[in-house]
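Peer 1: This is structure-v7.cif, which holds mmCIF, C-alpha atoms and all ligand atoms:
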data_my_file
#
loop_
_atom_site.label_atom_id
_atom_site.label_comp_id
_atom_site.auth_asym_id
_atom_site.auth_seq_id
_atom_site.Cartn_x
_atom_site.Cartn_y
_atom_site.Cartn_z
CA MET R 1 91.44 44.63 -0.78
CA SER R 2 92.00 42.53 -3.87
CA ALA R 3 89.84 39.44 -4.42
CA PRO R 4 91.46 36.18 -3.32
CA ARG R 5 93.07 34.32 -6.15
CA LEU R 6 91.16 31.50 -7.74
CA ASN R 7 92.54 28.10 -6.70
CA LEU R 8 92.66 25.97 -9.84
CA TYR R 9 92.11 22.81 -7.78
CA ASP R 10 88.73 24.22 -6.68
CA LEU R 11 87.25 23.92 -10.17
CA THR R 12 85.69 21.03 -12.05
CA ARG R 13 86.67 20.76 -15.69
CA GLU R 14 83.33 22.32 -16.66
CA GLN R 15 83.87 25.24 -14.26
CA LEU R 16 87.32 25.74 -15.70
CA ARG R 17 85.84 25.79 -19.20
CA VAL R 18 83.34 28.46 -18.12
CA GLN R 19 86.19 30.47 -16.63
CA LEU R 20 88.09 30.44 -19.91
CA VAL R 21 84.99 31.62 -21.74
CA ARG R 22 84.64 34.41 -19.18
CA TRP R 23 88.21 35.43 -19.94
CA GLU R 24 87.28 35.42 -23.65
CA LEU R 25 89.76 32.64 -24.31
CA ASN R 26 89.17 29.54 -26.40
CA PRO R 27 87.79 26.81 -24.07
CA VAL R 28 89.55 24.20 -26.15
CA HIS R 29 92.64 24.85 -24.00
CA VAL R 30 90.93 23.32 -20.98
CA ALA R 31 92.05 19.88 -22.13
CA ARG R 32 95.75 20.80 -22.02
CA LEU R 33 95.40 22.67 -18.73
CA TRP R 34 93.57 19.76 -17.15
CA ASN R 35 96.26 17.42 -18.38
CA TYR R 36 98.92 19.55 -16.69
CA LEU R 37 96.95 19.58 -13.45
CA TYR R 38 95.86 15.97 -13.12
CA ILE R 39 97.97 13.81 -15.46
CA GLU R 40 101.34 15.54 -15.39
CA LEU R 41 100.61 16.76 -11.85
CA VAL R 42 102.72 19.88 -12.30
CA ALA R 43 103.47 21.75 -9.11
CA SER R 44 103.59 25.31 -10.43
CA LEU R 45 101.92 27.59 -12.95
CA ASP R 46 105.30 28.09 -14.59
CA ALA R 47 105.43 24.45 -15.55
CA MET R 48 102.74 24.79 -18.24
CA PRO R 49 104.73 26.01 -21.25
CA GLU R 50 102.35 24.72 -23.89
CA LEU R 51 99.45 26.97 -22.94
CA PRO R 52 98.86 30.06 -25.09
CA PRO R 53 100.52 33.22 -23.68
CA LYS R 54 97.18 34.97 -23.05
CA LEU R 55 95.95 32.11 -20.90
CA ARG R 56 99.25 31.88 -19.05
CA ALA R 57 99.06 35.60 -18.31
CA ARG R 58 95.54 35.23 -16.88
CA LEU R 59 96.53 32.26 -14.78
CA ALA R 60 99.56 34.09 -13.46
CA ALA R 61 97.58 37.23 -12.64
CA GLU R 62 94.38 35.78 -11.21
CA THR R 63 94.86 32.21 -10.06
CA GLN R 64 96.98 30.08 -7.83
CA LEU R 65 97.81 26.41 -7.85
CA GLY R 66 96.88 25.33 -4.36
CA VAL R 67 99.80 22.96 -3.86
CA LEU R 68 100.07 22.15 -0.16
CA PRO R 69 103.60 22.33 1.21
CA THR R 70 104.72 19.42 3.34
CA ALA R 71 105.52 20.43 6.91
CA LEU R 72 106.47 16.91 7.91
CA GLU R 73 106.56 13.50 6.27
CA THR R 74 106.82 10.27 8.22
CA ALA R 75 106.98 6.67 7.08
CA SER R 76 105.94 3.64 9.08
CA SER R 77 108.67 1.17 9.96
CA ASP R 78 107.37 -1.36 7.43
CA GLY R 79 107.43 1.36 4.73
CA PHE R 80 103.83 0.71 3.67
CA THR R 81 102.32 3.85 5.19
CA HIS R 82 103.38 7.45 4.69
CA LYS R 83 101.85 10.35 6.55
CA TYR R 84 102.05 13.93 5.33
CA LEU R 85 101.44 16.95 7.50
CA LEU R 86 100.38 19.57 4.96
CA THR R 87 100.18 23.33 5.39
CA LEU R 88 97.14 25.27 4.17
CA ASN R 89 97.15 28.88 2.94
CA ASP R 90 96.13 30.23 6.34
CA ALA R 91 98.86 28.19 8.06
CA GLU R 92 96.40 25.61 9.43
CA LYS R 93 97.62 22.05 9.04
CA ILE R 94 95.99 18.79 8.02
CA GLU R 95 97.13 15.21 7.67
CA THR R 96 96.94 12.96 4.63
CA VAL R 97 97.98 9.31 4.57
CA LEU R 98 99.25 7.13 1.73
CA MET R 99 98.76 3.41 2.25
CA ARG R 100 100.26 0.75 0.02
CA TYR R 101 99.45 -2.80 0.86
CA THR R 102 97.69 -5.89 -0.40
CA GLY R 103 98.07 -4.52 -3.90
CA ARG R 104 96.04 -1.39 -3.17
CA VAL R 105 97.32 2.15 -3.34
CA THR R 106 95.04 4.37 -1.30
CA ALA R 107 95.08 7.98 -0.14
CA CYS R 108 93.26 8.76 3.08
CA VAL R 109 92.26 12.42 2.85
CA SER R 110 90.93 14.95 5.34
CA SER R 111 87.75 16.99 4.85
CA GLN R 112 88.07 19.47 7.72
CA VAL R 113 90.65 20.98 10.06
CA GLY R 114 89.67 19.10 13.22
CA CYS R 115 86.16 17.77 13.69
CA ALA R 116 83.05 18.97 15.51
CA MET R 117 81.64 15.52 16.27
CA GLY R 118 83.73 14.73 19.34
CA CYS R 119 83.83 10.92 19.23
CA VAL R 120 85.54 10.03 22.49
CA PHE R 121 88.17 7.68 21.08
CA CYS R 122 89.22 9.81 18.10
CA ALA R 123 92.25 12.11 18.15
CA THR R 124 90.68 14.43 15.57
CA GLY R 125 87.54 14.69 17.68
CA GLN R 126 89.67 15.43 20.72
CA MET R 127 91.24 18.47 18.99
CA GLY R 128 87.88 20.10 18.19
CA TYR R 129 86.67 21.83 15.04
CA THR R 130 88.52 24.67 13.32
CA ARG R 131 87.11 24.92 9.79
CA HIS R 132 85.91 23.17 6.64
CA LEU R 133 88.32 22.45 3.82
CA THR R 134 87.65 23.88 0.37
CA PRO R 135 87.23 21.50 -2.60
CA GLY R 136 90.72 22.51 -3.75
CA GLU R 137 92.25 21.65 -0.38
CA ILE R 138 90.70 18.18 -0.57
CA VAL R 139 91.75 17.66 -4.21
CA ALA R 140 95.27 18.94 -3.46
CA GLN R 141 95.77 16.12 -0.92
CA ALA R 142 95.03 13.48 -3.57
CA VAL R 143 97.29 15.28 -6.04
CA HIS R 144 100.01 15.44 -3.39
CA VAL R 145 99.90 11.68 -2.95
CA ALA R 146 99.63 11.02 -6.69
CA ARG R 147 102.66 13.24 -7.26
CA ALA R 148 104.66 11.47 -4.56
CA LEU R 149 103.83 8.14 -6.18
CA LYS R 150 104.71 9.44 -9.61
CA ARG R 151 108.07 10.67 -8.46
CA SER R 152 108.55 7.19 -7.04
CA ALA R 153 110.72 8.81 -4.44
CA LEU R 154 109.25 6.65 -1.73
CA SER R 155 111.36 3.78 -0.58
CA PHE R 156 108.93 0.91 -0.37
CA GLN R 157 110.15 -2.51 0.48
CA PRO R 158 110.53 -4.54 -2.70
CA SER R 159 108.71 -7.36 -0.93
CA ALA R 160 105.51 -5.28 -0.71
CA PRO R 161 102.66 -7.67 -1.57
CA GLY R 162 101.63 -6.72 -5.07
CA GLY R 163 103.55 -3.50 -4.76
CA HIS R 164 105.82 -1.95 -7.28
CA PRO R 165 107.35 1.49 -6.98
CA ALA R 166 105.59 3.09 -9.94
CA ALA R 167 102.04 2.20 -8.93
CA ARG R 168 99.62 5.11 -9.31
CA LEU R 169 96.95 6.34 -6.97
CA ARG R 170 94.00 3.95 -7.18
CA ASN R 171 91.68 4.64 -4.28
CA ILE R 172 90.55 7.50 -2.09
CA VAL R 173 89.04 7.11 1.34
CA LEU R 174 87.49 10.14 2.99
CA MET R 175 88.50 8.87 6.39
CA GLY R 176 91.07 11.43 7.42
CA MET R 177 90.45 14.36 9.71
CA GLY R 178 86.89 15.63 9.80
CA GLU R 179 83.34 14.57 9.08
CA PRO R 180 82.84 14.71 5.30
CA LEU R 181 79.05 15.05 5.41
CA HIS R 182 79.41 18.10 7.68
CA ASN R 183 81.20 19.70 4.69
CA TYR R 184 78.91 18.24 2.04
CA ASP R 185 79.18 20.69 -0.87
CA ALA R 186 82.96 21.02 -0.84
CA VAL R 187 83.40 17.26 -0.55
CA MET R 188 81.06 16.57 -3.47
CA THR R 189 82.82 19.10 -5.73
CA ALA R 190 86.15 17.53 -4.78
CA ILE R 191 84.80 14.08 -5.64
CA ASP R 192 83.57 15.34 -9.02
CA ILE R 193 87.11 16.57 -9.75
CA LEU R 194 88.75 13.36 -8.52
CA ARG R 195 86.40 11.25 -10.63
CA ASP R 196 86.99 13.11 -13.88
CA PRO R 197 87.91 10.42 -16.43
CA ASN R 198 90.45 12.72 -18.09
CA GLY R 199 92.22 13.37 -14.80
CA LEU R 200 92.81 11.23 -11.75
CA ALA R 201 89.88 9.05 -12.91
CA LEU R 202 88.98 7.79 -9.45
CA GLY R 203 85.54 6.41 -10.30
CA ALA R 204 82.67 5.32 -8.08
CA GLU R 205 84.29 2.04 -7.08
CA ARG R 206 87.43 3.85 -5.98
CA ILE R 207 86.04 6.44 -3.57
CA THR R 208 84.81 5.59 -0.08
CA LEU R 209 83.22 8.19 2.16
CA SER R 210 82.99 7.43 5.86
CA THR R 211 80.43 9.25 8.00
CA VAL R 212 79.71 9.34 11.69
CA GLY R 213 76.04 9.15 10.71
CA VAL R 214 74.91 12.59 9.54
CA VAL R 215 71.36 11.56 8.61
CA PRO R 216 70.44 14.47 6.28
CA GLY R 217 73.75 13.96 4.42
CA ILE R 218 73.10 10.23 3.91
CA LEU R 219 69.63 10.96 2.54
CA ARG R 220 71.04 13.60 0.23
CA LEU R 221 73.68 11.20 -1.08
CA ALA R 222 70.88 8.78 -1.90
CA GLN R 223 68.67 11.39 -3.49
CA GLU R 224 71.51 12.68 -5.64
CA MET R 225 72.65 9.13 -6.44
CA ARG R 226 76.23 10.06 -5.70
CA PRO R 227 78.58 7.44 -7.12
CA LEU R 228 80.69 6.32 -4.17
CA HIS R 229 80.98 3.67 -1.48
CA LEU R 230 79.41 4.69 1.80
CA ALA R 231 80.79 3.65 5.19
CA VAL R 232 78.83 4.42 8.35
CA SER R 233 80.58 4.48 11.72
CA LEU R 234 78.31 2.49 14.00
CA HIS R 235 80.39 1.26 16.99
CA ALA R 236 77.34 0.28 19.04
CA ALA R 237 73.92 -1.20 18.35
CA THR R 238 71.90 0.58 21.02
CA GLN R 239 71.23 4.29 21.24
CA ALA R 240 72.59 4.59 24.80
CA GLU R 241 75.86 2.77 24.10
CA ARG R 242 76.37 4.64 20.85
CA ALA R 243 75.70 8.07 22.32
CA ALA R 244 78.33 7.40 24.98
CA LEU R 245 80.98 6.91 22.28
CA VAL R 246 79.62 9.16 19.53
CA PRO R 247 78.04 12.37 20.84
CA ALA R 248 76.59 13.09 17.38
CA ALA R 249 74.20 10.20 18.02
CA LYS R 250 72.21 12.52 20.29
CA LYS R 251 71.43 14.68 17.26
CA TRP R 252 70.91 11.79 14.84
CA PRO R 253 69.61 8.86 16.92
CA LEU R 254 70.27 5.26 15.94
CA ASP R 255 66.72 4.53 14.71
CA GLU R 256 66.82 7.56 12.38
CA LEU R 257 70.29 6.58 11.21
CA MET R 258 69.24 3.02 10.40
CA ALA R 259 66.15 4.29 8.55
CA ALA R 260 68.40 6.58 6.48
CA CYS R 261 70.77 3.68 5.75
CA ARG R 262 67.84 1.55 4.61
CA THR R 263 66.64 4.34 2.31
CA TYR R 264 70.18 4.76 0.98
CA SER R 265 70.60 1.09 0.13
CA GLU R 266 67.11 0.81 -1.37
CA THR R 267 67.51 3.94 -3.50
CA THR R 268 71.02 3.33 -4.75
CA GLY R 269 71.14 -0.48 -4.68
CA ARG R 270 74.45 -0.14 -2.88
CA ARG R 271 75.76 -2.05 0.07
CA ILE R 272 76.88 0.02 3.04
CA PHE R 273 80.03 -0.68 5.05
CA TYR R 274 79.40 -0.39 8.78
CA GLU R 275 82.48 0.46 10.81
CA TRP R 276 82.87 -0.83 14.32
CA THR R 277 85.83 0.26 16.40
CA LEU R 278 86.51 -2.70 18.68
CA ILE R 279 87.21 -1.66 22.27
CA GLU R 280 87.97 -4.35 24.80
CA GLY R 281 85.21 -4.79 27.34
CA LYS R 282 83.09 -2.04 25.78
CA ASN R 283 81.60 -3.25 22.52
CA ASP R 284 83.37 -6.52 21.68
CA SER R 285 81.42 -9.24 23.48
CA GLU R 286 79.47 -12.06 21.86
CA ALA R 287 76.28 -10.24 22.87
CA HIS R 288 77.50 -7.15 21.04
CA ALA R 289 78.20 -9.20 17.93
CA ARG R 290 74.64 -10.53 18.06
CA SER R 291 73.21 -7.06 18.59
CA VAL R 292 74.92 -5.73 15.47
CA GLY R 293 73.78 -8.83 13.59
CA GLU R 294 70.18 -8.12 14.60
CA LEU R 295 70.46 -4.44 13.81
CA LEU R 296 71.72 -5.08 10.28
CA ARG R 297 69.38 -7.98 9.52
CA GLY R 298 67.89 -7.63 6.06
CA LEU R 299 70.21 -4.79 5.07
CA SER R 300 72.82 -4.96 2.35
CA ALA R 301 75.79 -4.66 4.67
CA GLN R 302 79.40 -5.47 5.37
CA VAL R 303 80.99 -4.85 8.76
CA ASN R 304 84.49 -3.39 9.01
CA LEU R 305 85.94 -4.10 12.43
CA ILE R 306 88.71 -1.71 13.49
CA PRO R 307 90.61 -2.65 16.66
CA LEU R 308 90.95 0.59 18.63
CA ASN R 309 94.03 2.60 17.81
CA PRO R 310 95.60 4.38 20.75
CA THR R 311 94.95 8.11 21.19
CA GLU R 312 96.12 10.33 24.00
CA GLY R 313 92.70 11.35 25.22
CA TYR R 314 91.08 7.93 25.57
CA ALA R 315 92.00 5.15 27.92
CA GLY R 316 90.34 2.26 26.03
CA VAL R 317 92.21 -0.89 25.00
CA PRO R 318 91.98 -2.56 21.56
CA THR R 319 90.20 -5.87 21.32
CA ARG R 320 92.57 -8.81 20.98
CA SER R 321 92.63 -10.63 17.68
CA GLU R 322 91.02 -13.84 19.07
CA ALA R 323 88.06 -11.82 20.32
CA ALA R 324 87.82 -10.00 16.99
CA LYS R 325 87.78 -13.36 15.21
CA ARG R 326 85.04 -14.61 17.53
CA PHE R 327 83.02 -11.47 16.76
CA GLN R 328 83.48 -12.07 13.05
CA LYS R 329 82.50 -15.72 13.31
CA ILE R 330 79.22 -14.87 15.01
CA LEU R 331 78.38 -12.34 12.29
CA ALA R 332 79.18 -14.91 9.61
CA ASP R 333 77.67 -18.07 11.13
CA GLU R 334 74.56 -16.65 12.77
CA PHE R 335 73.74 -13.69 10.51
CA ASP R 336 75.44 -14.46 7.19
CA LEU R 337 77.04 -11.04 7.51
CA PRO R 338 80.42 -10.48 5.80
CA SER R 339 83.06 -8.64 7.79
CA THR R 340 86.72 -7.71 7.74
CA VAL R 341 89.14 -6.87 10.53
CA ARG R 342 91.17 -3.83 9.57
CA GLN R 343 94.88 -4.53 9.69
CA ARG R 344 96.78 -2.40 12.11
CA ARG R 345 99.06 -0.43 9.84
CA GLY R 346 100.87 2.84 10.35
CA ILE R 347 100.19 2.80 14.08
CA ASP R 348 103.84 3.57 14.87
CA ILE R 349 103.47 6.93 13.11
CA ALA R 350 99.92 7.59 14.37
CA ALA R 351 98.51 7.25 10.86
CA GLY R 352 95.84 4.69 11.78
CA CYS R 353 92.08 5.37 11.86
CA GLY R 354 91.24 8.01 14.40
CA GLN R 355 94.86 8.88 15.15
CA LEU R 356 95.09 11.90 12.90
CA ALA R 357 95.51 15.12 14.78
CA VAL R 358 97.74 18.06 14.29
CA VAL R 359 100.28 18.27 17.00
CA GLU R 360 103.25 20.57 16.80
CA ALA R 361 105.66 19.03 14.35
CA ARG R 362 108.10 16.86 16.22
CA ALA R 363 111.15 15.29 14.74
CA GLY R 364 110.59 11.65 13.86
N1 LIG U 401 84.41 11.32 10.41
C1 LIG U 401 84.26 10.13 9.68
C2 LIG U 401 85.50 9.69 8.96
C3 LIG U 401 86.81 9.81 9.68
S1 LIG U 401 87.14 8.67 10.94
C4 LIG U 401 83.75 9.01 10.56
O1 LIG U 401 83.76 9.16 11.77
O2 LIG U 401 83.30 8.01 10.03
C5 LIG U 401 87.39 7.12 10.11
C6 LIG U 401 87.07 5.92 10.95
O3 LIG U 401 87.99 5.78 12.03
C7 LIG U 401 85.69 5.97 11.60
O4 LIG U 401 85.02 4.76 11.45
C8 LIG U 401 86.03 6.23 13.04
O5 LIG U 401 85.02 5.82 13.91
C9 LIG U 401 87.29 5.43 13.20
N2 LIG U 401 88.07 5.77 14.39
C10 LIG U 401 88.13 6.98 15.00
N3 LIG U 401 88.98 6.91 16.06
C11 LIG U 401 89.47 5.65 16.09
C12 LIG U 401 90.42 4.97 16.92
N4 LIG U 401 91.04 5.60 17.92
N5 LIG U 401 90.67 3.68 16.67
C13 LIG U 401 90.09 3.05 15.63
N6 LIG U 401 89.20 3.63 14.80
C14 LIG U 401 88.89 4.92 15.03
FE1 LIG U 402 85.04 13.26 13.71
FE2 LIG U 402 85.02 10.84 12.60
FE3 LIG U 402 86.74 11.45 14.57
FE4 LIG U 402 84.15 11.17 15.11
S1 LIG U 402 85.54 9.57 14.37
S2 LIG U 402 85.46 12.81 15.84
S3 LIG U 402 83.25 12.03 13.27
S4 LIG U 402 86.70 12.34 12.55
#
Can the structure from this file be put into structure tokens for me?

Peer 2:
Amino acid sequence: MSAPRLNLYDLTREQLRVQLVRWELNPVHVARLWNYLYIELVASLDAMPELPPKLRARLAAETQLGVLPTALETASSDGFTHKYLLTLNDAEKIETVLMRYTGRVTACVSSQVGCAMGCVFCATGQMGYTRHLTPGEIVAQAVHVARALKRSALSFQPSAPGGHPAARLRNIVLMGMGEPLHNYDAVMTAIDILRDPNGLALGAERITLSTVGVVPGILRLAQEMRPLHLAVSLHAATQAERAALVPAAKKWPLDELMAACRTYSETTGRRIFYEWTLIEGKNDSEAHARSVGELLRGLSAQVNLIPLNPTEGYAGVPTRSEAAKRFQKILADEFDLPSTVRQRRGIDIAAGCGQLAVVEARAG
């Protein structure tokens, strides 16, 4: 059986340089190739006419450009959110979301097909785990969104706050399907590629990784001083309440998680975002607000409150906005803790947090 073709999106610029040397080609051509991949965002190997013939022949014979075909694209009714169902080489599917609002252009990318962590309220958790994504499959999602933006084929409303049709991809959140720290190495290689200043140039301030609380992964991020924003999905401030929502808490208990977060913030000097899915009657009372305030006391923290988005497998109800405001006010007044309430966007196309799951493509 022949070796699988090299996916160009799997390689950092340095790895690509090494590959050219291995092929006994002048590594100087990496710059042009990289430009094709990440500035011009070409969608095929044939669209690189300026490369020397020998390099083009190698690329054609031994590599592939892991462009992910779109199986389905949906846009929210307000036009600010687009969701892409993308097909992988082995016919598995993943979802990627483009969000354009409040002047930010953000791609929400997946790190796995499904997820092994089984959070009760999450559609991805409800579908179970199939496999990790490769670095190239993660990078290809960002490229897909960047290319869509570049084509400016999307019909955004002209009244978009701060929006204009030609805006380029500015931010990446690893908040799509999957648990990124369960797929650590591939995610970190993908981030290195996304950050490359000669390519998509999505630097430290532009990449946010959200984790369910994989303690060894958080400690490794700190040790390796990975340049990114870290978000930790908390949802509850006691071990028992958290384990009922997030089964992974049994493996990585709350006290170990908080110790890892402390180490992370002390080592990197970075503030952590703590995510809290607000579920009416479950974790949204004044007492809950105080318990999260106590838990985060002394930590460099911001709380991101996410009113529950509906999923088929969970009967919970989202907290009403007055209750969310009350929660926020307690954090601010009693604990001096900044917080935001995530706007409910893209819910009509199931593109909100925790709504990503691959169902058989249905017509919009
Ligand atoms: N696996 C990672 C990142 C993907 S989920 C993590 O769990 O952090 C991104 C965020 O969406 C997490 O904070 C997650 O808890 C939240 N989320 C999952 N299901 C949700 C739902 N139904 N409503 C609102 N937020 C949800
Ligand atoms: Fe996985 Fe995150 Fe969903 Fe939990 S919330 S099941 S960790 S994707």

Peer 1: Give me the residues near Met127 (chain R) as JSON, numbers by chain, where near means some atom within 7 Å (using all atoms listed in the file) and where sequence neighbours in that chain fewer than 4 positions away do not count.

Peer 2: {"R": [114, 123, 357]}

Peer 1: Between CA of His235 (chain R) and CA of Ser77 (chain R), what is the distance in Å, rounded to a tenth?

Peer 2: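 Straight-line distance from CA of His235 (chain R) to CA of Ser77 (chain R) works out to 29.1 Å.
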
Peer 1: Nearest residue to Asp284 (chain R) out of R:Leu308, R:Ala301, R:Leu6, R:Leu228, using only C-alpha atoms?

Peer 2: R:Leu308

Peer 1: Take CA of Leu331 (chain R) and CA of Pro307 (chain R) and report the distance between them in Å, one decimal.

Peer 2: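 Atom-to-atom, CA of Leu331 (chain R) and CA of Pro307 (chain R) are spaced 16.2 Å apart.
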
Peer 1: What are the nearest atom pairs, with distances in Å to one decimal, for all residues of chain R that come at most 6 Å from ligand LIG 402 (chain U), using only C-alpha atoms and all ligand atoms, set out by chain and rising residue number as CSV?

Peer 2:
residue,atom,partner,partner_atom,distance
R:Cys115,CA,U:LIG402,FE1,4.6
R:Met117,CA,U:LIG402,S2,4.7
R:Gly118,CA,U:LIG402,S2,4.4
R:Cys119,CA,U:LIG402,FE4,4.1
R:Cys122,CA,U:LIG402,FE3,4.6
R:Thr124,CA,U:LIG402,FE3,5.0
R:Gly125,CA,U:LIG402,S2,3.4
R:Met177,CA,U:LIG402,S4,5.1
R:Gly178,CA,U:LIG402,S4,4.3
R:Glu179,CA,U:LIG402,S3,4.9
R:Val212,CA,U:LIG402,S3,4.7
R:Gly354,CA,U:LIG402,FE3,5.7

Peer 1: Around the point (77.8, -5.0, 19.0) (coordinates from the file), which residues reach within 10 Å if we count all atoms listed in the file? Answer as a PyMOL selection string.

Peer 2: chain R and resi 234-238+241-242+276-278+282-295+327+331

Peer 1: Calculate how many Å separate CA of Thr70 (chain R) from CA of Tyr84 (chain R), rounding to one decimal.

Peer 2: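 Atom-to-atom, CA of Thr70 (chain R) and CA of Tyr84 (chain R) are spaced 6.4 Å apart.
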
Peer 1: For a quick check of understanding, using all atoms listed in the file, which of R:Arg13, R:His82, R:Arg220, R:Arg131 has the smallest distance to Asn198 (chain R)?

Peer 2: R:Arg13

Peer 1: Counting all atoms listed in the file, write as a ChimeraX atom specification all protein and nucleic acid residues lying at most 8 Å from (100.9, 2.2, 1.8) in the file's frame.

Peer 2: /R:79-82,98-101,104-106

Peer 1: I'd like the box whose edges run along x, y and z of the file and which contains every listed atom of ligand LIG 401 (chain U), padded by 8 Å per side; could you state its centre and edge lengths in Å, one decimal, as JSON?

Peer 2:
{"center_x": 87.2, "center_y": 7.2, "center_z": 13.4, "size_x": 23.7, "size_y": 24.3, "size_z": 25.0}

Peer 1: Would you pick out the contacts of Asn7 (chain R) at 9 Å or less, using all atoms listed in the file, so that residues sharing its chain but fewer than 3 positions from it are not included, and give the list as a ChimeraX atom specification?

Peer 2: /R:4,10-11,63-66,136

Peer 1: Which residue out of R:Asp78, R:Glu312, R:Glu334, R:Asp348 has the minimum interatomic distance to ligand LIG 401 (chain U) when all atoms listed in the file are used?

Peer 2: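 Closest residue, counting all atoms listed in the file: R:Glu312.
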
Peer 1: When you count all atoms listed in the file, which of these residues is closest to Val358 (chain R): R:Glu137, R:Glu95, R:Glu205, R:Asp336?

Peer 2: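 Of R:Glu137, R:Glu95, R:Glu205, R:Asp336, the one nearest Val358 (chain R) is R:Glu95, counting all atoms listed in the file.
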
Peer 1: Hey, which of R:Gly316, R:Pro338, R:Gly199, R:Gly176 ends up closest to Leu37 (chain R)? Count all atoms listed in the file.

Peer 2: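 Looking at the shortest contact to Leu37 (chain R), the residue is R:Gly199.
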
Peer 1: Is it possible to add N, CA and C atoms to region 93-111 of chain R and hand it back as an mmCIF file, in the frame of the given file?

Peer 2:
data_model
loop_
_atom_site.group_PDB
_atom_site.id
_atom_site.type_symbol
_atom_site.label_atom_id
_atom_site.label_comp_id
_atom_site.auth_asym_id
_atom_site.auth_seq_id
_atom_site.Cartn_x
_atom_site.Cartn_y
_atom_site.Cartn_z
ATOM 1 N N LYS R 93 96.987 23.270 9.562
ATOM 2 C CA LYS R 93 97.620 22.050 9.040
ATOM 3 C C LYS R 93 96.616 20.896 9.034
ATOM 4 N N ILE R 94 96.822 20.001 8.098
ATOM 5 C CA ILE R 94 95.990 18.790 8.020
ATOM 6 C C ILE R 94 96.903 17.592 7.762
ATOM 7 N N GLU R 95 96.354 16.411 7.942
ATOM 8 C CA GLU R 95 97.130 15.210 7.670
ATOM 9 C C GLU R 95 96.479 14.392 6.547
ATOM 10 N N THR R 96 97.348 13.817 5.741
ATOM 11 C CA THR R 96 96.940 12.960 4.630
ATOM 12 C C THR R 96 97.814 11.713 4.710
ATOM 13 N N VAL R 97 97.223 10.561 4.421
ATOM 14 C CA VAL R 97 97.980 9.310 4.570
ATOM 15 C C VAL R 97 97.974 8.550 3.242
ATOM 16 N N LEU R 98 99.127 8.029 2.890
ATOM 17 C CA LEU R 98 99.250 7.130 1.730
ATOM 18 C C LEU R 98 99.470 5.719 2.257
ATOM 19 N N MET R 99 98.638 4.802 1.808
ATOM 20 C CA MET R 99 98.760 3.410 2.250
ATOM 21 C C MET R 99 99.000 2.539 1.024
ATOM 22 N N ARG R 100 99.969 1.674 1.122
ATOM 23 C CA ARG R 100 100.260 0.750 0.020
ATOM 24 C C ARG R 100 100.385 -0.651 0.562
ATOM 25 N N TYR R 101 99.318 -1.397 0.505
ATOM 26 C CA TYR R 101 99.450 -2.800 0.860
ATOM 27 C C TYR R 101 98.343 -3.621 0.226
ATOM 28 N N THR R 102 98.545 -4.914 0.273
ATOM 29 C CA THR R 102 97.690 -5.890 -0.400
ATOM 30 C C THR R 102 97.295 -5.403 -1.806
ATOM 31 N N GLY R 103 98.302 -4.882 -2.509
ATOM 32 C CA GLY R 103 98.070 -4.520 -3.900
ATOM 33 C C GLY R 103 97.231 -3.276 -4.103
ATOM 34 N N ARG R 104 96.853 -2.588 -3.024
ATOM 35 C CA ARG R 104 96.040 -1.390 -3.170
ATOM 36 C C ARG R 104 96.879 -0.162 -2.857
ATOM 37 N N VAL R 105 96.659 0.884 -3.606
ATOM 38 C CA VAL R 105 97.320 2.150 -3.340
ATOM 39 C C VAL R 105 96.213 3.149 -3.012
ATOM 40 N N THR R 106 96.185 3.587 -1.776
ATOM 41 C CA THR R 106 95.040 4.370 -1.300
ATOM 42 C C THR R 106 95.519 5.637 -0.608
ATOM 43 N N ALA R 107 94.832 6.744 -0.890
ATOM 44 C CA ALA R 107 95.080 7.980 -0.140
ATOM 45 C C ALA R 107 93.919 8.190 0.821
ATOM 46 N N CYS R 108 94.264 8.443 2.077
ATOM 47 C CA CYS R 108 93.260 8.760 3.080
ATOM 48 C C CYS R 108 93.303 10.277 3.260
ATOM 49 N N VAL R 109 92.219 10.957 2.866
ATOM 50 C CA VAL R 109 92.260 12.420 2.850
ATOM 51 C C VAL R 109 91.342 13.015 3.918
ATOM 52 N N SER R 110 91.699 14.230 4.328
ATOM 53 C CA SER R 110 90.930 14.950 5.340
ATOM 54 C C SER R 110 89.888 15.838 4.665
ATOM 55 N N SER R 111 88.801 16.104 5.382
ATOM 56 C CA SER R 111 87.750 16.990 4.850
ATOM 57 C C SER R 111 87.582 18.253 5.683
#
